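What follows is entry_20.pdb (PDB, C-alpha atoms and all ligand atoms).
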```
MODEL        1
ATOM      1  CA  MET A   1      11.757  44.463  69.120
ATOM      2  CA  THR A   2      12.180  42.024  72.033
ATOM      3  CA  GLY A   3      15.188  39.900  72.839
ATOM      4  CA  LEU A   4      13.299  36.742  71.956
ATOM      5  CA  ASN A   5      14.643  34.684  69.061
ATOM      6  CA  VAL A   6      11.716  33.563  66.940
ATOM      7  CA  ILE A   7      13.815  32.005  64.181
ATOM      8  CA  GLU A   8      16.883  29.938  65.051
ATOM      9  CA  ALA A   9      18.898  27.908  62.588
ATOM     10  CA  ARG A  10      22.000  26.067  63.735
ATOM     11  CA  GLY A  11      24.566  24.432  61.505
ATOM     12  CA  LEU A  12      22.286  23.821  58.536
ATOM     13  CA  CYS A  13      23.809  21.743  55.780
ATOM     14  CA  LYS A  14      22.145  20.640  52.585
ATOM     15  CA  ASP A  15      24.087  18.411  50.241
ATOM     16  CA  ARG A  16      23.614  18.065  46.533
ATOM     17  CA  VAL A  17      24.687  14.928  44.785
ATOM     18  CA  SER A  18      25.139  15.499  41.078
ATOM     19  CA  SER A  19      24.194  12.612  38.818
ATOM     20  CA  PHE A  20      27.589  12.945  37.086
ATOM     21  CA  LEU A  21      30.044  10.677  38.992
ATOM     22  CA  LEU A  22      27.803  11.170  42.073
ATOM     23  CA  LYS A  23      29.883  14.231  42.966
ATOM     24  CA  ARG A  24      28.855  15.881  46.252
ATOM     25  CA  SER A  25      28.666  19.599  46.780
ATOM     26  CA  MET A  26      26.904  21.761  49.311
ATOM     27  CA  VAL A  27      23.822  23.870  48.728
ATOM     28  CA  LEU A  28      23.993  25.053  52.362
ATOM     29  CA  ASP A  29      27.230  24.887  54.298
ATOM     30  CA  ASN A  30      26.899  25.172  58.093
ATOM     31  CA  LEU A  31      24.383  28.007  58.042
ATOM     32  CA  SER A  32      23.452  29.461  61.407
ATOM     33  CA  LEU A  33      21.270  32.494  61.933
ATOM     34  CA  THR A  34      18.804  33.923  64.404
ATOM     35  CA  VAL A  35      16.056  36.471  63.970
ATOM     36  CA  LYS A  36      14.502  38.296  66.891
ATOM     37  CA  GLN A  37      10.849  38.983  67.419
ATOM     38  CA  GLY A  38       9.868  42.159  65.564
ATOM     39  CA  GLU A  39      13.009  42.189  63.440
ATOM     40  CA  THR A  40      13.051  42.552  59.650
ATOM     41  CA  TYR A  41      15.848  40.402  58.260
ATOM     42  CA  GLY A  42      16.939  40.428  54.626
ATOM     43  CA  LEU A  43      18.793  37.438  53.227
ATOM     44  CA  LEU A  44      20.854  38.543  50.247
ATOM     45  CA  GLY A  45      23.028  36.579  47.884
ATOM     46  CA  PRO A  46      23.782  35.884  44.238
ATOM     47  CA  ASN A  47      21.527  33.629  42.162
ATOM     48  CA  GLY A  48      21.864  30.045  43.306
ATOM     49  CA  ALA A  49      23.394  30.994  46.683
ATOM     50  CA  GLY A  50      20.793  28.972  48.606
ATOM     51  CA  LYS A  51      18.326  31.652  49.764
ATOM     52  CA  THR A  52      15.178  29.848  48.641
ATOM     53  CA  THR A  53      16.549  26.580  50.022
ATOM     54  CA  THR A  54      17.003  28.321  53.390
ATOM     55  CA  VAL A  55      13.398  29.542  53.417
ATOM     56  CA  LYS A  56      12.138  26.068  52.507
ATOM     57  CA  ILE A  57      14.077  24.568  55.403
ATOM     58  CA  LEU A  58      12.873  27.228  57.858
ATOM     59  CA  LEU A  59       9.305  26.392  56.857
ATOM     60  CA  GLY A  60       9.833  22.654  57.156
ATOM     61  CA  LEU A  61       9.181  22.143  53.416
ATOM     62  CA  MET A  62      12.637  20.640  53.025
ATOM     63  CA  LYS A  63      14.750  18.719  55.533
ATOM     64  CA  PRO A  64      18.360  19.728  56.107
ATOM     65  CA  ASP A  65      20.943  16.921  55.957
ATOM     66  CA  ARG A  66      22.458  18.279  59.163
ATOM     67  CA  GLY A  67      21.561  21.016  61.612
ATOM     68  CA  GLU A  68      18.471  22.181  63.425
ATOM     69  CA  VAL A  69      15.802  24.804  63.014
ATOM     70  CA  SER A  70      13.300  26.219  65.412
ATOM     71  CA  VAL A  71      10.589  28.723  64.555
ATOM     72  CA  LEU A  72       8.526  30.228  67.371
ATOM     73  CA  GLY A  73      10.190  27.736  69.673
ATOM     74  CA  LYS A  74       9.026  24.693  67.693
ATOM     75  CA  THR A  75      10.675  22.421  65.148
ATOM     76  CA  ALA A  76      10.330  23.795  61.605
ATOM     77  CA  GLY A  77       7.011  22.793  60.082
ATOM     78  CA  ASP A  78       5.314  22.161  63.428
ATOM     79  CA  HIS A  79       1.574  22.553  62.977
ATOM     80  CA  SER A  80       1.078  25.001  65.857
ATOM     81  CA  SER A  81       3.732  27.408  64.566
ATOM     82  CA  LEU A  82       2.657  27.114  60.912
ATOM     83  CA  LYS A  83      -0.672  28.673  61.895
ATOM     84  CA  ARG A  84       1.242  31.802  62.945
ATOM     85  CA  ILE A  85       3.305  32.032  59.756
ATOM     86  CA  GLY A  86       2.678  33.700  56.392
ATOM     87  CA  PHE A  87       4.521  32.518  53.292
ATOM     88  CA  LEU A  88       5.032  34.035  49.866
ATOM     89  CA  PRO A  89       6.829  31.534  47.607
ATOM     90  CA  GLU A  90       9.321  32.633  44.971
ATOM     91  CA  ASN A  91       7.140  31.559  42.043
ATOM     92  CA  PRO A  92       3.609  31.350  43.405
ATOM     93  CA  TYR A  93       1.251  29.152  41.468
ATOM     94  CA  PHE A  94      -2.423  30.019  41.476
ATOM     95  CA  TYR A  95      -5.462  28.209  40.097
ATOM     96  CA  SER A  96      -5.867  30.713  37.316
ATOM     97  CA  HIS A  97      -9.544  30.102  36.544
ATOM     98  CA  LEU A  98     -10.405  31.467  39.996
ATOM     99  CA  THR A  99     -10.789  35.179  40.586
ATOM    100  CA  GLY A 100      -8.468  36.843  43.059
ATOM    101  CA  LEU A 101     -11.367  37.157  45.464
ATOM    102  CA  GLU A 102     -12.279  33.466  45.173
ATOM    103  CA  PHE A 103      -8.654  32.510  45.781
ATOM    104  CA  LEU A 104      -8.407  34.630  48.931
ATOM    105  CA  GLU A 105     -11.716  33.179  50.177
ATOM    106  CA  PHE A 106     -10.305  29.696  49.662
ATOM    107  CA  ILE A 107      -7.106  30.506  51.583
ATOM    108  CA  ALA A 108      -9.165  32.108  54.374
ATOM    109  CA  ARG A 109     -11.217  28.917  54.697
ATOM    110  CA  LEU A 110      -8.039  26.807  54.694
ATOM    111  CA  PHE A 111      -6.823  28.824  57.681
ATOM    112  CA  GLY A 112     -10.158  28.269  59.406
ATOM    113  CA  LEU A 113     -11.306  31.889  59.463
ATOM    114  CA  LYS A 114     -14.931  32.237  60.508
ATOM    115  CA  ARG A 115     -17.438  33.067  57.796
ATOM    116  CA  PHE A 116     -18.222  36.478  59.300
ATOM    117  CA  GLU A 117     -14.495  37.380  59.503
ATOM    118  CA  ILE A 118     -13.647  36.468  55.928
ATOM    119  CA  LYS A 119     -15.371  39.334  54.108
ATOM    120  CA  ASP A 120     -13.835  42.106  56.218
ATOM    121  CA  ARG A 121     -10.403  40.509  56.291
ATOM    122  CA  ILE A 122     -10.294  40.140  52.500
ATOM    123  CA  LYS A 123     -11.590  43.669  51.969
ATOM    124  CA  ASP A 124      -8.789  45.042  54.166
ATOM    125  CA  LEU A 125      -6.139  42.961  52.412
ATOM    126  CA  LEU A 126      -7.337  43.898  48.911
ATOM    127  CA  ARG A 127      -7.118  47.541  49.933
ATOM    128  CA  LEU A 128      -3.659  46.998  51.417
ATOM    129  CA  VAL A 129      -2.295  45.594  48.130
ATOM    130  CA  SER A 130      -4.339  47.951  45.908
ATOM    131  CA  MET A 131      -6.239  45.123  44.229
ATOM    132  CA  GLU A 132      -9.845  46.080  44.989
ATOM    133  CA  ALA A 133     -10.618  46.979  41.355
ATOM    134  CA  ASP A 134      -9.310  43.661  39.988
ATOM    135  CA  ALA A 135     -10.543  41.249  42.634
ATOM    136  CA  ASN A 136     -13.334  39.877  40.460
ATOM    137  CA  LYS A 137     -11.176  39.163  37.404
ATOM    138  CA  PRO A 138      -9.884  35.630  36.803
ATOM    139  CA  MET A 139      -6.228  35.317  37.738
ATOM    140  CA  ASN A 140      -5.243  34.257  34.207
ATOM    141  CA  LYS A 141      -5.931  37.895  33.274
ATOM    142  CA  TYR A 142      -3.527  39.203  35.936
ATOM    143  CA  SER A 143      -0.125  40.701  35.218
ATOM    144  CA  LYS A 144       2.939  39.401  37.074
ATOM    145  CA  GLY A 145       2.778  42.318  39.491
ATOM    146  CA  MET A 146      -0.920  41.731  40.178
ATOM    147  CA  LEU A 147      -0.208  38.079  40.988
ATOM    148  CA  GLN A 148       2.597  39.159  43.279
ATOM    149  CA  ARG A 149       0.251  41.536  45.124
ATOM    150  CA  LEU A 150      -2.257  38.719  45.509
ATOM    151  CA  GLY A 151       0.522  36.469  46.797
ATOM    152  CA  ILE A 152       1.353  39.054  49.426
ATOM    153  CA  ALA A 153      -2.320  39.361  50.395
ATOM    154  CA  GLN A 154      -2.706  35.578  50.802
ATOM    155  CA  SER A 155       0.400  35.466  53.020
ATOM    156  CA  LEU A 156      -1.297  37.871  55.434
ATOM    157  CA  ILE A 157      -4.718  36.242  55.613
ATOM    158  CA  ASN A 158      -4.148  34.637  59.032
ATOM    159  CA  ASP A 159      -2.645  37.822  60.545
ATOM    160  CA  PRO A 160       0.651  35.941  61.004
ATOM    161  CA  ASP A 161       3.369  36.784  63.530
ATOM    162  CA  ILE A 162       6.198  35.880  61.144
ATOM    163  CA  LEU A 163       6.370  36.427  57.406
ATOM    164  CA  PHE A 164       8.597  34.446  55.097
ATOM    165  CA  TRP A 165       8.658  36.240  51.773
ATOM    166  CA  ASP A 166      10.806  34.964  48.912
ATOM    167  CA  GLU A 167      11.444  37.950  46.610
ATOM    168  CA  PRO A 168       8.350  40.001  47.538
ATOM    169  CA  MET A 169       9.214  42.895  45.215
ATOM    170  CA  SER A 170       9.929  40.713  42.202
ATOM    171  CA  GLY A 171       7.914  41.740  39.150
ATOM    172  CA  LEU A 172       6.518  44.859  40.753
ATOM    173  CA  ASP A 173       6.584  48.295  39.152
ATOM    174  CA  PRO A 174       8.014  51.220  41.166
ATOM    175  CA  ILE A 175       4.566  51.947  42.611
ATOM    176  CA  GLY A 176       4.183  48.323  43.666
ATOM    177  CA  ARG A 177       7.645  48.302  45.229
ATOM    178  CA  ARG A 178       6.838  51.441  47.177
ATOM    179  CA  ASP A 179       3.531  49.869  48.267
ATOM    180  CA  VAL A 180       5.350  46.735  49.500
ATOM    181  CA  ARG A 181       7.845  48.871  51.411
ATOM    182  CA  GLU A 182       4.924  50.652  53.036
ATOM    183  CA  ILE A 183       3.238  47.327  53.848
ATOM    184  CA  ILE A 184       6.458  46.086  55.444
ATOM    185  CA  ASN A 185       6.780  49.271  57.500
ATOM    186  CA  GLN A 186       3.189  48.912  58.645
ATOM    187  CA  LEU A 187       3.768  45.262  59.612
ATOM    188  CA  LYS A 188       6.893  46.303  61.490
ATOM    189  CA  ARG A 189       4.916  48.889  63.447
ATOM    190  CA  ASN A 190       2.553  46.066  64.407
ATOM    191  CA  GLY A 191       5.475  44.079  65.813
ATOM    192  CA  LYS A 192       5.636  41.406  63.092
ATOM    193  CA  THR A 193       8.839  39.552  62.302
ATOM    194  CA  ILE A 194       9.738  39.549  58.616
ATOM    195  CA  PHE A 195      12.276  37.313  56.894
ATOM    196  CA  PHE A 196      12.741  37.914  53.217
ATOM    197  CA  ASN A 197      15.011  37.280  50.275
ATOM    198  CA  SER A 198      15.619  40.010  47.779
ATOM    199  CA  HIS A 199      17.944  41.296  45.104
ATOM    200  CA  LEU A 200      16.496  44.813  45.258
ATOM    201  CA  LEU A 201      19.020  46.440  47.535
ATOM    202  CA  PRO A 202      17.513  49.954  47.787
ATOM    203  CA  ASP A 203      14.279  48.374  49.063
ATOM    204  CA  VAL A 204      16.184  46.106  51.445
ATOM    205  CA  ASN A 205      18.120  49.118  52.698
ATOM    206  CA  GLU A 206      14.931  50.996  53.437
ATOM    207  CA  VAL A 207      13.021  48.321  55.346
ATOM    208  CA  CYS A 208      15.463  45.848  56.893
ATOM    209  CA  ASP A 209      16.971  46.055  60.352
ATOM    210  CA  ARG A 210      19.671  43.521  59.532
ATOM    211  CA  VAL A 211      20.962  41.656  56.495
ATOM    212  CA  GLY A 212      22.859  38.450  55.924
ATOM    213  CA  VAL A 213      24.838  37.680  52.777
ATOM    214  CA  LEU A 214      24.782  34.105  51.554
ATOM    215  CA  VAL A 215      27.421  33.045  49.020
ATOM    216  CA  LYS A 216      27.568  29.461  47.725
ATOM    217  CA  GLY A 217      25.606  28.250  50.724
ATOM    218  CA  ARG A 218      27.758  30.003  53.330
ATOM    219  CA  LEU A 219      26.553  32.965  55.355
ATOM    220  CA  VAL A 220      29.620  35.119  54.819
ATOM    221  CA  THR A 221      28.458  38.084  56.898
ATOM    222  CA  GLU A 222      25.593  39.637  58.816
ATOM    223  CA  GLU A 223      25.302  43.329  59.559
ATOM    224  CA  LYS A 224      22.848  45.867  60.899
ATOM    225  CA  ILE A 225      21.647  48.250  58.215
ATOM    226  CA  SER A 226      22.316  51.168  60.559
ATOM    227  CA  ASN A 227      25.999  50.176  60.684
ATOM    228  CA  ILE A 228      26.235  50.099  56.884
ATOM    229  CA  ASP A 229      24.434  53.435  56.553
ATOM    230  CA  GLN A 230      26.563  55.142  59.169
ATOM    231  CA  GLY A 231      30.013  54.718  57.737
ATOM    232  CA  GLY A 232      31.273  51.179  58.159
ATOM    233  CA  GLY A 233      33.542  51.869  55.193
ATOM    234  CA  TYR A 234      30.846  51.281  52.554
ATOM    235  CA  ARG A 235      29.161  53.780  50.227
ATOM    236  CA  ASP A 236      25.819  51.985  50.460
ATOM    237  CA  LEU A 237      24.247  48.530  50.727
ATOM    238  CA  GLU A 238      25.166  47.676  47.131
ATOM    239  CA  ASP A 239      28.810  48.467  47.822
ATOM    240  CA  PHE A 240      28.641  46.330  50.996
ATOM    241  CA  PHE A 241      26.917  43.480  49.156
ATOM    242  CA  LEU A 242      29.374  43.448  46.250
ATOM    243  CA  ALA A 243      32.341  43.521  48.615
ATOM    244  CA  GLN A 244      30.995  40.476  50.486
ATOM    245  CA  ALA A 245      29.664  38.533  47.506
ATOM    246  CA  GLU A 246      32.831  38.868  45.440
ATOM    247  CA  ARG A 247      35.455  38.410  48.117
TER     248      ARG A 247
HETATM  249  N1  LIG B 301      14.929  21.122  43.318
HETATM  250  C1  LIG B 301      16.256  21.201  43.232
HETATM  251  N2  LIG B 301      17.000  20.124  42.939
HETATM  252  C2  LIG B 301      18.337  20.192  42.861
HETATM  253  N3  LIG B 301      19.030  21.314  43.067
HETATM  254  C3  LIG B 301      18.354  22.417  43.371
HETATM  255  C4  LIG B 301      16.929  22.438  43.485
HETATM  256  N4  LIG B 301      16.535  23.692  43.799
HETATM  257  C5  LIG B 301      17.654  24.403  43.888
HETATM  258  N5  LIG B 301      18.741  23.657  43.626
HETATM  259  C6  LIG B 301      20.137  24.086  43.659
HETATM  260  O1  LIG B 301      20.403  24.603  44.936
HETATM  261  C7  LIG B 301      21.212  25.771  44.833
HETATM  262  C8  LIG B 301      20.558  26.882  45.602
HETATM  263  O2  LIG B 301      19.339  27.228  44.958
HETATM  264  P1  LIG B 301      18.334  28.273  45.579
HETATM  265  O3  LIG B 301      17.097  28.204  44.750
HETATM  266  O4  LIG B 301      18.219  28.046  47.035
HETATM  267  O5  LIG B 301      19.122  29.645  45.321
HETATM  268  P2  LIG B 301      18.667  31.153  45.495
HETATM  269  O6  LIG B 301      19.714  31.817  46.325
HETATM  270  O7  LIG B 301      17.270  31.236  45.981
HETATM  271  O8  LIG B 301      18.788  31.741  44.014
HETATM  272  P3  LIG B 301      17.923  32.845  43.224
HETATM  273  O9  LIG B 301      18.499  34.175  43.623
HETATM  274  O10 LIG B 301      18.214  32.553  41.788
HETATM  275  O11 LIG B 301      16.487  32.677  43.584
HETATM  276  C9  LIG B 301      21.406  26.041  43.366
HETATM  277  O12 LIG B 301      22.701  25.645  43.017
HETATM  278  C10 LIG B 301      20.387  25.211  42.659
HETATM  279  O13 LIG B 301      20.911  24.724  41.479
HETATM  280 MG    MG B 302      15.524  31.971  45.176
ENDMDL
END
```
Can you present the structure in this file as C-alpha cells?
Amino acid sequence: MTGLNVIEARGLCKDRVSSFLLKRSMVLDNLSLTVKQGETYGLLGPNGAGKTTTVKILLGLMKPDRGEVSVLGKTAGDHSSLKRIGFLPENPYFYSHLTGLEFLEFIARLFGLKRFEIKDRIKDLLRLVSMEADANKPMNKYSKGMLQRLGIAQSLINDPDILFWDEPMSGLDPIGRRDVREIINQLKRNGKTIFFNSHLLPDVNEVCDRVGVLVKGRLVTEEKISNIDQGGGYRDLEDFFLAQAER
C-alpha cells in the first residue's frame, strides 16, 4: 500500500426532496473519506444508509449537491480514470438472450481490448469466477449467483486499478463467497484498490483493511480492521458495527 490517495471525497451532500410538502432530507450528509492506493475499504451501513448513492457519486453516475470527489486524481467520471476502474452494480442487468461468453466479449470490445487479447482474457476471468462450464449458456438460464460471478468477471475485464463493487457477495452460496474472498485477496496481492459495500460482516472482516460505517447518510466512524480484531473493546466486527449503527 502506498501513501497515495486514489479516492478522495470531501463534504459530499445529497439532498432528497420528498413530494409530500416538498420536505427536504439528506441522503448524504457531509461525507468525507479517502482510500489509499492498494487499500481494501468496506463501506458498511444499514439498508438505505446511502452506500449505493456514495458509489454512484464516486463513479460520476450521480452528482452531489455539495462537495467534491476525485478518483485517481481526476474529477469523478473523468474519461481517463474511468478506463482504469471496474464496477459491479448492486443489481446488474444483463441482456439475457446473450450467453455469458458473448456478454464478456461485448464488454471487452467496449473497453477496446484487441481481438487477440480478448480470448485469453475471458478464459482467465471465467476460470477466476468458476464459470467455464456455463459460459455458453444464455444468461436467462443463470442463477442469481452465476449472474453475480459474471458481474464480477465483467468488472475485471480491463484489468482495472480500482474496483467499485456494490454488494459483491450478494446472492452467492458459501463456495461463491469463499471464491470472492479469494479473488479479493489475489487482487490485493496485485496492488489493486478495492472499494466495496457489503452486509456480510465475516467476509468484510476477512478481506478489508479498513471499514467505514454510514448511518442515515453520515459516516459515523472509520476504523482499521486490525484495531477491531485486536481488542478495541469489541468482540468482533458485528459487535463493532451494531454499536456504531445503533448509537
Ligand atoms: N433513485 C432514487 N430516488 C430517490 N431516492 C432514492 C433513490 N435511490 C435511493 N434513494 C434513497 O436514498 C437513500 C439511500 O439509498 P441507497 O440506495 O444509497 O442506500 P444503501 O445504503 O445502498 O442501502 P441498501 O443496503 O439497501 O443497498 C434511501 O433513503 C433511498 O430511499
Ligand atoms: Mg445499496
(message) Any residue with an atom at most 7 Å from ligand MG 302 (chain B) counts, using all atoms listed in the file. Which are they? Put them as a PyMOL selection string.
(response) chain A and resi 47-48+50-52+90+166
(request) Please write the residues picked by the PyMOL selection byres (((not hetatm)) within 9 of (chain B and resi 301)) on this file as a PyMOL selection string. (result) chain A and resi 14-18+26-28+43-56+90+166-167+197-199+214-217
(message) Quick check on the file I pasted: which residues fall under the PyMOL selection byres (((chain A and resi 224-231) around 9) and not hetatm)? Write them as a ChimeraX atom specification.
(response) /A:204-206,208-212,222-223,232-237,240
For the selection you just gave me, I'd like the residues written to a file as a short mmCIF file (atom, residue, chain, number, x, y, z; two decimals), in the frame of the given file, keeping C-alpha atoms.
```cif
data_model
loop_
_atom_site.label_atom_id
_atom_site.label_comp_id
_atom_site.auth_asym_id
_atom_site.auth_seq_id
_atom_site.Cartn_x
_atom_site.Cartn_y
_atom_site.Cartn_z
CA VAL A 204 16.18 46.11 51.44
CA ASN A 205 18.12 49.12 52.70
CA GLU A 206 14.93 51.00 53.44
CA CYS A 208 15.46 45.85 56.89
CA ASP A 209 16.97 46.06 60.35
CA ARG A 210 19.67 43.52 59.53
CA VAL A 211 20.96 41.66 56.50
CA GLY A 212 22.86 38.45 55.92
CA GLU A 222 25.59 39.64 58.82
CA GLU A 223 25.30 43.33 59.56
CA GLY A 232 31.27 51.18 58.16
CA GLY A 233 33.54 51.87 55.19
CA TYR A 234 30.85 51.28 52.55
CA ARG A 235 29.16 53.78 50.23
CA ASP A 236 25.82 51.98 50.46
CA LEU A 237 24.25 48.53 50.73
CA PHE A 240 28.64 46.33 51.00
#
```
(request) Check which residues satisfy the PyMOL selection byres (((chain A and resi 158-162) around 7) and not hetatm) in the file shown, then give them as a PyMOL selection string. (result) chain A and resi 84-86+111+156-157+163-164+192-194
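Those residues positioned at most 6 Å from (26.2, 28.6, 53.9) are Leu28, Asp29, Asn30, Leu31, Gly217, Arg218 and Leu219 of chain A, judged using only C-alpha atoms.
Picture a line from CA of Ser143 (chain A) to CA of Leu101 (chain A); it runs 15.6 Å.
For the point (5.9, 42.1, 66.7), the residues with at least one atom inside 8 Å, counting all atoms listed in the file, are Met1, Gln37, Gly38, Glu39, Asp161, Lys188, Arg189, Asn190, Gly191, Lys192 and Thr193 of chain A.
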(request) Using CA of Thr99 (chain A) and CA of Glu117 (chain A) as the two end points, give the distance in Å to one decimal. (result) 19.4 Å
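With distances restricted to all atoms listed in the file, A:Tyr93 is the closest residue to Gly151 (chain A) from A:Phe116, A:Tyr41, A:Tyr93, A:Phe241.
Across the structure, CA of Glu102 (chain A) and CA of Gln154 (chain A) are spaced 11.3 Å apart.
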(request) Have a look at A:Arg121, A:Arg181, A:Arg149, A:Arg10 and name the one nearest to Pro64 (chain A); count all atoms listed in the file. (result) A:Arg10
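Distances to Lys83 (chain A) were evaluated for A:Leu110, A:Val129, A:Val220, A:Leu33 using only C-alpha atoms, and the minimum falls at A:Leu110.
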(request) Rank A:Leu126, A:Leu88, A:Leu113, A:Ala133 by their smallest atom-to-atom distance to Ile152 (chain A), using all atoms listed in the file, and report the top residue only. (result) A:Leu88
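Comparing A:Asn136, A:Ser25, A:Ala9, A:Phe103 by their smallest distance to Arg66 (chain A), the closest is A:Ala9 (using only C-alpha atoms).
Here the question is which of A:Leu104, A:Gly67, A:Arg109, A:Arg115 gets nearest to Ala135 (chain A) using all atoms listed in the file, and that residue is A:Leu104.
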